[in-house]
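Text of entry.tsv, listed as TSV, N, CA and C atoms:
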chain	number	residue	atom	x	y	z
O	172	MET	N	-28.89	22.49	0.74
O	172	MET	CA	-27.85	21.54	0.39
O	172	MET	C	-27.87	20.38	1.39
O	173	ALA	N	-27.57	19.21	0.92
O	173	ALA	CA	-27.56	18.02	1.77
O	173	ALA	C	-26.40	18.05	2.74
O	174	TYR	N	-26.60	17.39	3.88
O	174	TYR	CA	-25.52	17.26	4.85
O	174	TYR	C	-24.42	16.40	4.28
O	175	SER	N	-23.17	16.64	4.71
O	175	SER	CA	-22.04	15.90	4.17
O	175	SER	C	-22.16	14.40	4.46
O	176	THR	N	-22.77	14.02	5.61
O	176	THR	CA	-22.93	12.59	5.90
O	176	THR	C	-23.91	11.95	4.92
O	177	SER	N	-24.94	12.71	4.51
O	177	SER	CA	-25.89	12.20	3.51
O	177	SER	C	-25.22	12.02	2.16
O	178	ILE	N	-24.37	12.97	1.82
O	178	ILE	CA	-23.66	12.88	0.54
O	178	ILE	C	-22.70	11.69	0.56
O	179	THR	N	-21.95	11.53	1.64
O	179	THR	CA	-21.02	10.40	1.77
O	179	THR	C	-21.78	9.09	1.69
O	180	GLY	N	-22.91	8.98	2.39
O	180	GLY	CA	-23.72	7.77	2.35
O	180	GLY	C	-24.27	7.49	0.97
O	181	GLY	N	-24.71	8.53	0.27
O	181	GLY	CA	-25.22	8.36	-1.09
O	181	GLY	C	-24.14	7.88	-2.05
O	182	ILE	N	-22.96	8.43	-1.91
O	182	ILE	CA	-21.84	8.00	-2.76
O	182	ILE	C	-21.49	6.54	-2.46
O	183	SER	N	-21.49	6.16	-1.18
O	183	SER	CA	-21.21	4.77	-0.81
O	183	SER	C	-22.25	3.83	-1.39
O	184	GLU	N	-23.53	4.22	-1.35
O	184	GLU	CA	-24.58	3.37	-1.92
O	184	GLU	C	-24.40	3.19	-3.42
O	185	LEU	N	-24.07	4.28	-4.11
O	185	LEU	CA	-23.84	4.18	-5.56
O	185	LEU	C	-22.62	3.32	-5.87
O	186	THR	N	-21.56	3.48	-5.08
O	186	THR	CA	-20.35	2.68	-5.26
O	186	THR	C	-20.67	1.21	-5.03
O	187	ALA	N	-21.43	0.91	-3.98
O	187	ALA	CA	-21.80	-0.48	-3.67
O	187	ALA	C	-22.65	-1.07	-4.79
O	188	ALA	N	-23.64	-0.33	-5.26
O	188	ALA	CA	-24.51	-0.82	-6.33
O	188	ALA	C	-23.71	-1.10	-7.60
O	189	ARG	N	-22.83	-0.19	-7.94
O	189	ARG	CA	-21.99	-0.38	-9.14
O	189	ARG	C	-21.11	-1.61	-9.01
O	190	ALA	N	-20.49	-1.76	-7.84
O	190	ALA	CA	-19.60	-2.91	-7.63
O	190	ALA	C	-20.38	-4.22	-7.68
O	191	LEU	N	-21.55	-4.26	-7.06
O	191	LEU	CA	-22.38	-5.46	-7.08
O	191	LEU	C	-22.81	-5.81	-8.51
O	192	MET	N	-23.27	-4.80	-9.25
O	192	MET	CA	-23.70	-5.05	-10.64
O	192	MET	C	-22.55	-5.50	-11.52
O	193	SER	N	-21.36	-4.97	-11.26
O	193	SER	CA	-20.22	-5.32	-12.11
O	193	SER	C	-19.80	-6.78	-11.96
O	194	VAL	N	-20.20	-7.42	-10.84
O	194	VAL	CA	-19.89	-8.84	-10.67
O	194	VAL	C	-21.12	-9.72	-10.86
O	195	GLY	N	-22.21	-9.15	-11.40
O	195	GLY	CA	-23.35	-9.95	-11.82
O	195	GLY	C	-24.60	-9.91	-10.97
O	196	TYR	N	-24.59	-9.20	-9.84
O	196	TYR	CA	-25.79	-9.12	-9.02
O	196	TYR	C	-26.82	-8.18	-9.65
O	197	GLU	N	-28.10	-8.50	-9.48
O	197	GLU	CA	-29.17	-7.55	-9.77
O	197	GLU	C	-29.31	-6.71	-8.52
O	198	VAL	N	-29.51	-5.41	-8.68
O	198	VAL	CA	-29.58	-4.51	-7.54
O	198	VAL	C	-30.84	-3.66	-7.64
O	199	SER	N	-31.58	-3.57	-6.55
O	199	SER	CA	-32.78	-2.73	-6.46
O	199	SER	C	-32.69	-1.89	-5.20
O	200	LYS	N	-33.29	-0.71	-5.29
O	200	LYS	CA	-33.36	0.19	-4.14
O	200	LYS	C	-34.82	0.39	-3.79
O	201	PRO	N	-35.18	0.24	-2.52
O	201	PRO	CA	-36.59	0.43	-2.14
O	201	PRO	C	-37.06	1.86	-2.41
O	202	ILE	N	-38.31	1.99	-2.79
O	202	ILE	CA	-38.89	3.31	-3.06
O	202	ILE	C	-39.13	4.08	-1.77
O	203	VAL	N	-39.56	3.37	-0.73
O	203	VAL	CA	-39.78	4.00	0.57
O	203	VAL	C	-38.65	3.59	1.51
O	204	PRO	N	-38.34	4.40	2.51
O	204	PRO	CA	-37.25	4.04	3.43
O	204	PRO	C	-37.49	2.71	4.13
O	205	GLU	N	-36.47	1.88	4.16
O	205	GLU	CA	-36.48	0.58	4.82
O	205	GLU	C	-35.26	0.49	5.73
O	206	VAL	N	-35.18	-0.56	6.52
O	206	VAL	CA	-34.02	-0.78	7.38
O	206	VAL	C	-32.79	-1.07	6.52
O	207	TYR	N	-32.99	-1.69	5.38
O	207	TYR	CA	-31.90	-2.02	4.46
O	207	TYR	C	-31.83	-0.97	3.36
O	208	ASP	N	-30.66	-0.89	2.71
O	208	ASP	CA	-30.46	0.07	1.63
O	208	ASP	C	-30.75	-0.51	0.26
O	209	LEU	N	-30.39	-1.78	0.05
O	209	LEU	CA	-30.51	-2.40	-1.26
O	209	LEU	C	-31.07	-3.81	-1.14
O	210	LEU	N	-31.71	-4.26	-2.20
O	210	LEU	CA	-32.05	-5.67	-2.38
O	210	LEU	C	-31.17	-6.18	-3.51
O	211	ILE	N	-30.57	-7.34	-3.32
O	211	ILE	CA	-29.73	-7.89	-4.37
O	211	ILE	C	-30.19	-9.31	-4.69
O	212	ARG	N	-30.04	-9.69	-5.94
O	212	ARG	CA	-30.31	-11.07	-6.35
O	212	ARG	C	-28.99	-11.70	-6.76
O	213	ASP	N	-28.68	-12.80	-6.09
O	213	ASP	CA	-27.42	-13.51	-6.33
O	213	ASP	C	-27.46	-14.16	-7.71
O	214	PRO	N	-26.45	-13.91	-8.55
O	214	PRO	CA	-26.46	-14.50	-9.90
O	214	PRO	C	-26.24	-16.00	-9.90
O	215	ASN	N	-25.71	-16.56	-8.81
O	215	ASN	CA	-25.42	-17.99	-8.76
O	215	ASN	C	-26.60	-18.82	-8.29
O	216	ASN	N	-27.33	-18.33	-7.27
O	216	ASN	CA	-28.42	-19.15	-6.73
O	216	ASN	C	-29.80	-18.54	-6.94
O	217	GLY	N	-29.89	-17.32	-7.47
O	217	GLY	CA	-31.16	-16.67	-7.75
O	217	GLY	C	-31.89	-16.14	-6.53
O	218	ARG	N	-31.30	-16.26	-5.35
O	218	ARG	CA	-31.95	-15.79	-4.12
O	218	ARG	C	-31.77	-14.29	-3.96
O	219	THR	N	-32.73	-13.70	-3.25
O	219	THR	CA	-32.70	-12.27	-2.98
O	219	THR	C	-32.31	-12.03	-1.53
O	220	TYR	N	-31.46	-11.02	-1.31
O	220	TYR	CA	-30.97	-10.70	0.02
O	220	TYR	C	-31.09	-9.20	0.29
O	221	THR	N	-31.21	-8.85	1.57
O	221	THR	CA	-31.21	-7.44	1.96
O	221	THR	C	-29.78	-7.03	2.31
O	222	VAL	N	-29.45	-5.80	1.95
O	222	VAL	CA	-28.09	-5.30	2.15
O	222	VAL	C	-28.13	-3.91	2.78
O	223	GLN	N	-27.31	-3.71	3.78
O	223	GLN	CA	-27.09	-2.39	4.36
O	223	GLN	C	-25.70	-1.94	3.92
O	224	VAL	N	-25.62	-0.74	3.36
O	224	VAL	CA	-24.35	-0.19	2.89
O	224	VAL	C	-23.76	0.70	3.98
O	225	LYS	N	-22.48	0.51	4.24
O	225	LYS	CA	-21.79	1.31	5.24
O	225	LYS	C	-20.48	1.83	4.67
O	226	THR	N	-20.09	3.01	5.12
O	226	THR	CA	-18.82	3.59	4.72
O	226	THR	C	-17.77	3.19	5.76
O	227	MET	N	-16.67	2.62	5.28
O	227	MET	CA	-15.58	2.23	6.17
O	227	MET	C	-14.65	3.41	6.42
O	228	PHE	N	-13.90	3.30	7.48
O	228	PHE	CA	-12.85	4.27	7.75
O	228	PHE	C	-11.66	3.56	8.35
O	229	VAL	N	-10.55	4.25	8.40
O	229	VAL	CA	-9.30	3.68	8.92
O	229	VAL	C	-9.13	4.13	10.36
O	230	ARG	N	-8.79	3.18	11.23
O	230	ARG	CA	-8.49	3.50	12.63
O	230	ARG	C	-7.00	3.32	12.85
O	231	GLU	N	-6.33	4.42	13.03
O	231	GLU	CA	-4.88	4.39	13.22
O	231	GLU	C	-4.50	3.67	14.51
O	232	ASP	N	-5.35	3.73	15.54
O	232	ASP	CA	-5.03	3.07	16.81
O	232	ASP	C	-5.19	1.56	16.74
O	233	ARG	N	-5.62	1.03	15.60
O	233	ARG	CA	-5.73	-0.42	15.38
O	233	ARG	C	-4.87	-0.84	14.19
O	234	ASN	N	-3.68	-0.31	14.10
O	234	ASN	CA	-2.75	-0.61	13.00
O	234	ASN	C	-3.36	-0.33	11.64
O	235	ASN	N	-4.05	0.79	11.53
O	235	ASN	CA	-4.69	1.21	10.28
O	235	ASN	C	-5.73	0.21	9.79
O	236	ALA	N	-6.45	-0.40	10.71
O	236	ALA	CA	-7.50	-1.35	10.35
O	236	ALA	C	-8.67	-0.62	9.69
O	237	LEU	N	-9.31	-1.33	8.77
O	237	LEU	CA	-10.55	-0.85	8.17
O	237	LEU	C	-11.68	-1.20	9.13
O	238	VAL	N	-12.46	-0.20	9.51
O	238	VAL	CA	-13.50	-0.38	10.51
O	238	VAL	C	-14.85	0.00	9.92
O	239	VAL	N	-15.86	-0.81	10.25
O	239	VAL	CA	-17.23	-0.56	9.80
O	239	VAL	C	-18.14	-0.59	11.02
O	240	TYR	N	-18.82	0.52	11.29
O	240	TYR	CA	-19.81	0.54	12.36
O	240	TYR	C	-21.14	0.06	11.77
O	241	THR	N	-21.75	-0.91	12.42
O	241	THR	CA	-22.96	-1.52	11.88
O	241	THR	C	-24.08	-1.50	12.91
O	242	ARG	N	-24.37	-0.32	13.38
O	242	ARG	CA	-25.47	-0.13	14.33
O	242	ARG	C	-26.55	0.73	13.68
O	243	LYS	N	-27.78	0.48	14.07
O	243	LYS	CA	-28.91	1.27	13.60
O	243	LYS	C	-28.93	2.60	14.36
O	244	GLY	N	-29.87	3.45	13.99
O	244	GLY	CA	-30.01	4.74	14.65
O	244	GLY	C	-30.25	4.65	16.14
O	245	ASP	N	-30.83	3.53	16.60
O	245	ASP	CA	-31.09	3.37	18.03
O	245	ASP	C	-29.89	2.81	18.79
O	246	GLY	N	-28.77	2.60	18.08
O	246	GLY	CA	-27.55	2.11	18.71
O	246	GLY	C	-27.40	0.60	18.77
O	247	LYS	N	-28.43	-0.12	18.35
O	247	LYS	CA	-28.39	-1.59	18.39
O	247	LYS	C	-27.84	-2.13	17.06
O	248	PRO	N	-27.12	-3.24	17.10
O	248	PRO	CA	-26.65	-3.87	15.85
O	248	PRO	C	-27.83	-4.33	15.00
O	249	TYR	N	-27.62	-4.37	13.70
O	249	TYR	CA	-28.66	-4.89	12.80
O	249	TYR	C	-28.90	-6.35	13.10
O	250	GLY	N	-30.16	-6.74	13.08
O	250	GLY	CA	-30.54	-8.13	13.31
O	250	GLY	C	-30.87	-8.82	12.00
O	251	SER	N	-31.88	-9.66	12.02
O	251	SER	CA	-32.22	-10.49	10.86
O	251	SER	C	-32.84	-9.69	9.71
O	252	GLU	N	-33.12	-8.40	9.92
O	252	GLU	CA	-33.68	-7.58	8.84
O	252	GLU	C	-32.63	-7.26	7.76
O	253	VAL	N	-31.37	-7.51	8.04
O	253	VAL	CA	-30.30	-7.28	7.08
O	253	VAL	C	-29.48	-8.57	6.94
O	254	ASP	N	-29.38	-9.07	5.71
O	254	ASP	CA	-28.62	-10.30	5.47
O	254	ASP	C	-27.12	-10.05	5.32
O	255	TYR	N	-26.79	-9.00	4.59
O	255	TYR	CA	-25.38	-8.70	4.28
O	255	TYR	C	-25.10	-7.22	4.45
O	256	PHE	N	-23.82	-6.92	4.60
O	256	PHE	CA	-23.33	-5.55	4.54
O	256	PHE	C	-22.44	-5.42	3.32
O	257	VAL	N	-22.45	-4.24	2.72
O	257	VAL	CA	-21.42	-3.87	1.76
O	257	VAL	C	-20.74	-2.67	2.37
O	258	ALA	N	-19.46	-2.83	2.67
O	258	ALA	CA	-18.66	-1.76	3.25
O	258	ALA	C	-17.83	-1.13	2.15
O	259	VAL	N	-17.88	0.19	2.08
O	259	VAL	CA	-17.21	0.92	1.01
O	259	VAL	C	-16.07	1.75	1.59
O	260	TYR	N	-14.92	1.64	0.95
O	260	TYR	CA	-13.76	2.44	1.31
O	260	TYR	C	-13.17	2.98	0.02
O	261	GLY	N	-13.42	4.25	-0.27
O	261	GLY	CA	-12.98	4.82	-1.55
O	261	GLY	C	-13.71	4.12	-2.68
O	262	ASP	N	-12.93	3.55	-3.61
O	262	ASP	CA	-13.52	2.82	-4.73
O	262	ASP	C	-13.65	1.33	-4.46
O	263	LYS	N	-13.23	0.88	-3.28
O	263	LYS	CA	-13.32	-0.54	-2.94
O	263	LYS	C	-14.62	-0.82	-2.20
O	264	ALA	N	-15.16	-2.00	-2.45
O	264	ALA	CA	-16.37	-2.42	-1.75
O	264	ALA	C	-16.21	-3.88	-1.34
O	265	TYR	N	-16.62	-4.19	-0.12
O	265	TYR	CA	-16.52	-5.54	0.41
O	265	TYR	C	-17.89	-6.02	0.86
O	266	LEU	N	-18.24	-7.23	0.49
O	266	LEU	CA	-19.50	-7.87	0.87
O	266	LEU	C	-19.22	-8.88	1.97
O	267	PHE	N	-20.01	-8.82	3.05
O	267	PHE	CA	-19.86	-9.83	4.10
O	267	PHE	C	-21.19	-10.01	4.82
O	268	GLU	N	-21.34	-11.20	5.40
O	268	GLU	CA	-22.58	-11.59	6.06
O	268	GLU	C	-22.76	-10.83	7.38
O	269	ASN	N	-24.00	-10.52	7.68
O	269	ASN	CA	-24.34	-9.90	8.95
O	269	ASN	C	-24.34	-10.97	10.04
O	270	THR	N	-23.43	-10.85	10.98
O	270	THR	CA	-23.39	-11.77	12.12
O	270	THR	C	-23.81	-11.03	13.40
O	271	HIS	N	-24.55	-9.93	13.23
O	271	HIS	CA	-25.20	-9.19	14.31
O	271	HIS	C	-24.22	-8.53	15.28
O	272	GLN	N	-23.09	-8.11	14.76
O	272	GLN	CA	-22.12	-7.36	15.56
O	272	GLN	C	-22.33	-5.86	15.33
O	273	GLY	N	-21.89	-5.07	16.26
O	273	GLY	CA	-22.01	-3.62	16.12
O	273	GLY	C	-20.85	-2.99	15.39
O	274	GLU	N	-19.78	-3.77	15.19
O	274	GLU	CA	-18.58	-3.26	14.53
O	274	GLU	C	-17.83	-4.42	13.91
O	275	TYR	N	-17.33	-4.19	12.71
O	275	TYR	CA	-16.47	-5.17	12.03
O	275	TYR	C	-15.19	-4.44	11.66
O	276	TRP	N	-14.09	-5.17	11.66
O	276	TRP	CA	-12.84	-4.55	11.25
O	276	TRP	C	-11.89	-5.60	10.71
O	277	ALA	N	-10.98	-5.14	9.87
O	277	ALA	CA	-9.95	-6.00	9.29
O	277	ALA	C	-8.84	-5.11	8.77
O	278	THR	N	-7.65	-5.67	8.65
O	278	THR	CA	-6.58	-4.95	7.97
O	278	THR	C	-6.87	-5.07	6.47
O	279	GLU	N	-6.22	-4.26	5.66
O	279	GLU	CA	-6.45	-4.37	4.22
O	279	GLU	C	-6.07	-5.77	3.73
O	280	ALA	N	-5.02	-6.35	4.28
O	280	ALA	CA	-4.59	-7.69	3.87
O	280	ALA	C	-5.62	-8.74	4.27
O	281	SER	N	-6.15	-8.66	5.48
O	281	SER	CA	-7.10	-9.68	5.92
O	281	SER	C	-8.50	-9.44	5.37
O	282	ALA	N	-8.83	-8.21	4.99
O	282	ALA	CA	-10.16	-7.93	4.43
O	282	ALA	C	-10.42	-8.75	3.18
O	283	SER	N	-9.41	-8.87	2.33
O	283	SER	CA	-9.60	-9.63	1.09
O	283	SER	C	-9.73	-11.13	1.35
O	284	LYS	N	-9.33	-11.58	2.54
O	284	LYS	CA	-9.48	-12.99	2.90
O	284	LYS	C	-10.79	-13.25	3.64
O	285	ARG	N	-11.19	-12.31	4.50
O	285	ARG	CA	-12.37	-12.48	5.34
O	285	ARG	C	-13.66	-12.05	4.65
O	286	TRP	N	-13.56	-11.08	3.77
O	286	TRP	CA	-14.72	-10.51	3.10
O	286	TRP	C	-14.58	-10.70	1.60
O	287	ILE	N	-15.68	-10.62	0.88
O	287	ILE	CA	-15.65	-10.73	-0.58
O	287	ILE	C	-15.43	-9.34	-1.16
O	288	GLU	N	-14.29	-9.16	-1.80
O	288	GLU	CA	-14.03	-7.86	-2.43
O	288	GLU	C	-14.77	-7.81	-3.75
O	289	LEU	N	-15.55	-6.78	-3.93
O	289	LEU	CA	-16.30	-6.58	-5.16
O	289	LEU	C	-15.50	-5.61	-6.01
O	290	THR	N	-14.96	-6.09	-7.10
O	290	THR	CA	-14.14	-5.26	-7.95
O	290	THR	C	-15.02	-4.62	-9.01
O	291	ALA	N	-15.20	-3.32	-8.90
O	291	ALA	CA	-16.03	-2.60	-9.87
O	291	ALA	C	-15.30	-2.50	-11.20
O	292	VAL	N	-16.03	-2.68	-12.27
O	292	VAL	CA	-15.47	-2.55	-13.61
O	292	VAL	C	-15.30	-1.07	-13.89
O	293	ASN	N	-14.08	-0.67	-14.22
O	293	ASN	CA	-13.81	0.75	-14.43
O	293	ASN	C	-14.03	1.21	-15.87
O	294	GLU	N	-14.03	0.29	-16.79
O	294	GLU	CA	-14.21	0.66	-18.18
O	294	GLU	C	-15.32	-0.18	-18.79
O	295	ILE	N	-16.12	0.42	-19.64
O	295	ILE	CA	-17.17	-0.31	-20.35
O	295	ILE	C	-16.62	-0.64	-21.73
O	296	ASN	N	-16.71	-1.91	-22.08
O	296	ASN	CA	-16.28	-2.34	-23.39
O	296	ASN	C	-17.14	-1.63	-24.43
O	297	GLU	N	-16.51	-1.00	-25.43
O	297	GLU	CA	-17.24	-0.24	-26.43
O	297	GLU	C	-18.27	-1.08	-27.14
O	298	ALA	N	-17.99	-2.35	-27.39
O	298	ALA	CA	-18.94	-3.22	-28.06
O	298	ALA	C	-20.18	-3.45	-27.20
O	299	GLU	N	-20.00	-3.50	-25.86
O	299	GLU	CA	-21.13	-3.70	-24.96
O	299	GLU	C	-21.98	-2.45	-24.85
O	300	ALA	N	-21.37	-1.27	-25.04
O	300	ALA	CA	-22.10	-0.01	-24.90
O	300	ALA	C	-22.99	0.30	-26.08
O	301	VAL	N	-22.76	-0.35	-27.19
O	301	VAL	CA	-23.55	-0.06	-28.40
O	301	VAL	C	-24.85	-0.80	-28.40
Could you write out this file's structure as structure tokens?
Amino acid sequence: MAYSTSITGGISELTAARALMSVGYEVSKPIVPEVYDLLIRDPNNGRTYTVQVKTMFVREDRNNALVVYTRKGDGKPYGSEVDYFVAVYGDKAYLFENTHQGEYWATEASASKRWIELTAVNEINEAEAV
């Protein structure tokens, strides 16, 4: 059986991919392990970007701020190999640019102002499914 952290990470990646696709991005996952989790193509400018998906958590000692740790396995922040992060908290996903920090955080109120909230479509229109 997979470790719980692997399961949580897998669920976050699926949530991120679904949220990105629901707002028009093309989403691809590399076949071999890479530094990034997803490649996305922006529907507005046609450019492709690398994305690292992270699971957010709440820090009670920071007024219940949403916190995202953005360090690689070696403890260093992601550099130019990752263009954007998608941070997942439950069913919510937020897209934001990588500014090479090891940690990002925001309150729920400020997250929607500082980051792009990706609203996943919860229902498929029956006409579209046919």
What are the DSSP helix (DSSP H, G or I) residues of chain O, as a PyMOL selection string?
chain O and resi 175-193+231-233+279-285+297-300
Produce a file of the selected residues containing N, CA and C atoms, as a tab-separated table (two decimals), keeping the file's coordinate frame.
chain	number	residue	atom	x	y	z
O	175	SER	N	-23.17	16.64	4.71
O	175	SER	CA	-22.04	15.90	4.17
O	175	SER	C	-22.16	14.40	4.46
O	176	THR	N	-22.77	14.02	5.61
O	176	THR	CA	-22.93	12.59	5.90
O	176	THR	C	-23.91	11.95	4.92
O	177	SER	N	-24.94	12.71	4.51
O	177	SER	CA	-25.89	12.20	3.51
O	177	SER	C	-25.22	12.02	2.16
O	178	ILE	N	-24.37	12.97	1.82
O	178	ILE	CA	-23.66	12.88	0.54
O	178	ILE	C	-22.70	11.69	0.56
O	179	THR	N	-21.95	11.53	1.64
O	179	THR	CA	-21.02	10.40	1.77
O	179	THR	C	-21.78	9.09	1.69
O	180	GLY	N	-22.91	8.98	2.39
O	180	GLY	CA	-23.72	7.77	2.35
O	180	GLY	C	-24.27	7.49	0.97
O	181	GLY	N	-24.71	8.53	0.27
O	181	GLY	CA	-25.22	8.36	-1.09
O	181	GLY	C	-24.14	7.88	-2.05
O	182	ILE	N	-22.96	8.43	-1.91
O	182	ILE	CA	-21.84	8.00	-2.76
O	182	ILE	C	-21.49	6.54	-2.46
O	183	SER	N	-21.49	6.16	-1.18
O	183	SER	CA	-21.21	4.77	-0.81
O	183	SER	C	-22.25	3.83	-1.39
O	184	GLU	N	-23.53	4.22	-1.35
O	184	GLU	CA	-24.58	3.37	-1.92
O	184	GLU	C	-24.40	3.19	-3.42
O	185	LEU	N	-24.07	4.28	-4.11
O	185	LEU	CA	-23.84	4.18	-5.56
O	185	LEU	C	-22.62	3.32	-5.87
O	186	THR	N	-21.56	3.48	-5.08
O	186	THR	CA	-20.35	2.68	-5.26
O	186	THR	C	-20.67	1.21	-5.03
O	187	ALA	N	-21.43	0.91	-3.98
O	187	ALA	CA	-21.80	-0.48	-3.67
O	187	ALA	C	-22.65	-1.07	-4.79
O	188	ALA	N	-23.64	-0.33	-5.26
O	188	ALA	CA	-24.51	-0.82	-6.33
O	188	ALA	C	-23.71	-1.10	-7.60
O	189	ARG	N	-22.83	-0.19	-7.94
O	189	ARG	CA	-21.99	-0.38	-9.14
O	189	ARG	C	-21.11	-1.61	-9.01
O	190	ALA	N	-20.49	-1.76	-7.84
O	190	ALA	CA	-19.60	-2.91	-7.63
O	190	ALA	C	-20.38	-4.22	-7.68
O	191	LEU	N	-21.55	-4.26	-7.06
O	191	LEU	CA	-22.38	-5.46	-7.08
O	191	LEU	C	-22.81	-5.81	-8.51
O	192	MET	N	-23.27	-4.80	-9.25
O	192	MET	CA	-23.70	-5.05	-10.64
O	192	MET	C	-22.55	-5.50	-11.52
O	193	SER	N	-21.36	-4.97	-11.26
O	193	SER	CA	-20.22	-5.32	-12.11
O	193	SER	C	-19.80	-6.78	-11.96
O	231	GLU	N	-6.33	4.42	13.03
O	231	GLU	CA	-4.88	4.39	13.22
O	231	GLU	C	-4.50	3.67	14.51
O	232	ASP	N	-5.35	3.73	15.54
O	232	ASP	CA	-5.03	3.07	16.81
O	232	ASP	C	-5.19	1.56	16.74
O	233	ARG	N	-5.62	1.03	15.60
O	233	ARG	CA	-5.73	-0.42	15.38
O	233	ARG	C	-4.87	-0.84	14.19
O	279	GLU	N	-6.22	-4.26	5.66
O	279	GLU	CA	-6.45	-4.37	4.22
O	279	GLU	C	-6.07	-5.77	3.73
O	280	ALA	N	-5.02	-6.35	4.28
O	280	ALA	CA	-4.59	-7.69	3.87
O	280	ALA	C	-5.62	-8.74	4.27
O	281	SER	N	-6.15	-8.66	5.48
O	281	SER	CA	-7.10	-9.68	5.92
O	281	SER	C	-8.50	-9.44	5.37
O	282	ALA	N	-8.83	-8.21	4.99
O	282	ALA	CA	-10.16	-7.93	4.43
O	282	ALA	C	-10.42	-8.75	3.18
O	283	SER	N	-9.41	-8.87	2.33
O	283	SER	CA	-9.60	-9.63	1.09
O	283	SER	C	-9.73	-11.13	1.35
O	284	LYS	N	-9.33	-11.58	2.54
O	284	LYS	CA	-9.48	-12.99	2.90
O	284	LYS	C	-10.79	-13.25	3.64
O	285	ARG	N	-11.19	-12.31	4.50
O	285	ARG	CA	-12.37	-12.48	5.34
O	285	ARG	C	-13.66	-12.05	4.65
O	297	GLU	N	-16.51	-1.00	-25.43
O	297	GLU	CA	-17.24	-0.24	-26.43
O	297	GLU	C	-18.27	-1.08	-27.14
O	298	ALA	N	-17.99	-2.35	-27.39
O	298	ALA	CA	-18.94	-3.22	-28.06
O	298	ALA	C	-20.18	-3.45	-27.20
O	299	GLU	N	-20.00	-3.50	-25.86
O	299	GLU	CA	-21.13	-3.70	-24.96
O	299	GLU	C	-21.98	-2.45	-24.85
O	300	ALA	N	-21.37	-1.27	-25.04
O	300	ALA	CA	-22.10	-0.01	-24.90
O	300	ALA	C	-22.99	0.30	-26.08
Name all residues at most 7 Å from stretch 253-265 of chain O (count only N, CA and C atoms; drop same-chain ones fewer than 6 positions away) and give them as a compact mmCIF listing (two decimals) with N, CA and C atoms, in the coordinates of the input.
# COMPACT_ATOMS: atom_id res chain seq x y z
N SER O 183 -21.49 6.16 -1.18
CA SER O 183 -21.21 4.77 -0.81
C SER O 183 -22.25 3.83 -1.39
N THR O 186 -21.56 3.48 -5.08
CA THR O 186 -20.35 2.68 -5.26
C THR O 186 -20.67 1.21 -5.03
N ALA O 187 -21.43 0.91 -3.98
CA ALA O 187 -21.80 -0.48 -3.67
C ALA O 187 -22.65 -1.07 -4.79
N ALA O 190 -20.49 -1.76 -7.84
CA ALA O 190 -19.60 -2.91 -7.63
C ALA O 190 -20.38 -4.22 -7.68
N VAL O 206 -35.18 -0.56 6.52
CA VAL O 206 -34.02 -0.78 7.38
C VAL O 206 -32.79 -1.07 6.52
N TYR O 207 -32.99 -1.69 5.38
CA TYR O 207 -31.90 -2.02 4.46
C TYR O 207 -31.83 -0.97 3.36
N TYR O 220 -31.46 -11.02 -1.31
CA TYR O 220 -30.97 -10.70 0.02
C TYR O 220 -31.09 -9.20 0.29
N THR O 221 -31.21 -8.85 1.57
CA THR O 221 -31.21 -7.44 1.96
C THR O 221 -29.78 -7.03 2.31
N VAL O 222 -29.45 -5.80 1.95
CA VAL O 222 -28.09 -5.30 2.15
C VAL O 222 -28.13 -3.91 2.78
N GLN O 223 -27.31 -3.71 3.78
CA GLN O 223 -27.09 -2.39 4.36
C GLN O 223 -25.70 -1.94 3.92
N VAL O 224 -25.62 -0.74 3.36
CA VAL O 224 -24.35 -0.19 2.89
C VAL O 224 -23.76 0.70 3.98
N LYS O 225 -22.48 0.51 4.24
CA LYS O 225 -21.79 1.31 5.24
C LYS O 225 -20.48 1.83 4.67
N THR O 226 -20.09 3.01 5.12
CA THR O 226 -18.82 3.59 4.72
C THR O 226 -17.77 3.19 5.76
N MET O 227 -16.67 2.62 5.28
CA MET O 227 -15.58 2.23 6.17
C MET O 227 -14.65 3.41 6.42
N PHE O 228 -13.90 3.30 7.48
CA PHE O 228 -12.85 4.27 7.75
C PHE O 228 -11.66 3.56 8.35
N VAL O 239 -15.86 -0.81 10.25
CA VAL O 239 -17.23 -0.56 9.80
C VAL O 239 -18.14 -0.59 11.02
N TRP O 286 -13.56 -11.08 3.77
CA TRP O 286 -14.72 -10.51 3.10
C TRP O 286 -14.58 -10.70 1.60
N ILE O 287 -15.68 -10.62 0.88
CA ILE O 287 -15.65 -10.73 -0.58
C ILE O 287 -15.43 -9.34 -1.16
N GLU O 288 -14.29 -9.16 -1.80
CA GLU O 288 -14.03 -7.86 -2.43
C GLU O 288 -14.77 -7.81 -3.75
N LEU O 289 -15.55 -6.78 -3.93
CA LEU O 289 -16.30 -6.58 -5.16
C LEU O 289 -15.50 -5.61 -6.01
N THR O 290 -14.96 -6.09 -7.10
CA THR O 290 -14.14 -5.26 -7.95
C THR O 290 -15.02 -4.62 -9.01
N ALA O 291 -15.20 -3.32 -8.90
CA ALA O 291 -16.03 -2.60 -9.87
C ALA O 291 -15.30 -2.50 -11.20
Check the DSSP output for the backbone and give back, as a PyMOL selection string, the residues of stretch 176-293 of chain O in strand (DSSP E).
chain O and resi 197-199+209-212+219-226+228-230+236-240+255-260+263-268+274-277+287-289
May I have the residues at most 10 Å from (-10.4, -6.8, 4.7) in the file's coordinates, counting only C-alpha atoms, as a PyMOL selection string?
chain O and resi 236-238+258+264-267+275-288
Near-O:Tyr249 list (6.5 Å; all atoms listed in the file; drop same-chain fewer than 4 positions) as an NGL selection string:
:O and (241-243 or 253 or 271-273)
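Between atom CA of O:Ser193 and atom CA of O:Thr219 the interatomic distance comes to 17.0 Å.
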In Å, with one decimal, what is the gap from atom CA of O:Thr179 to atom CA of O:Tyr240?
14.5 Å
Could you work out how far atom C of O:Ser251 lies from atom N of O:Thr270, giving the answer in Å with one decimal?
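Result for atom N of O:Thr270 versus atom C of O:Ser251: 9.6 Å, one decimal.
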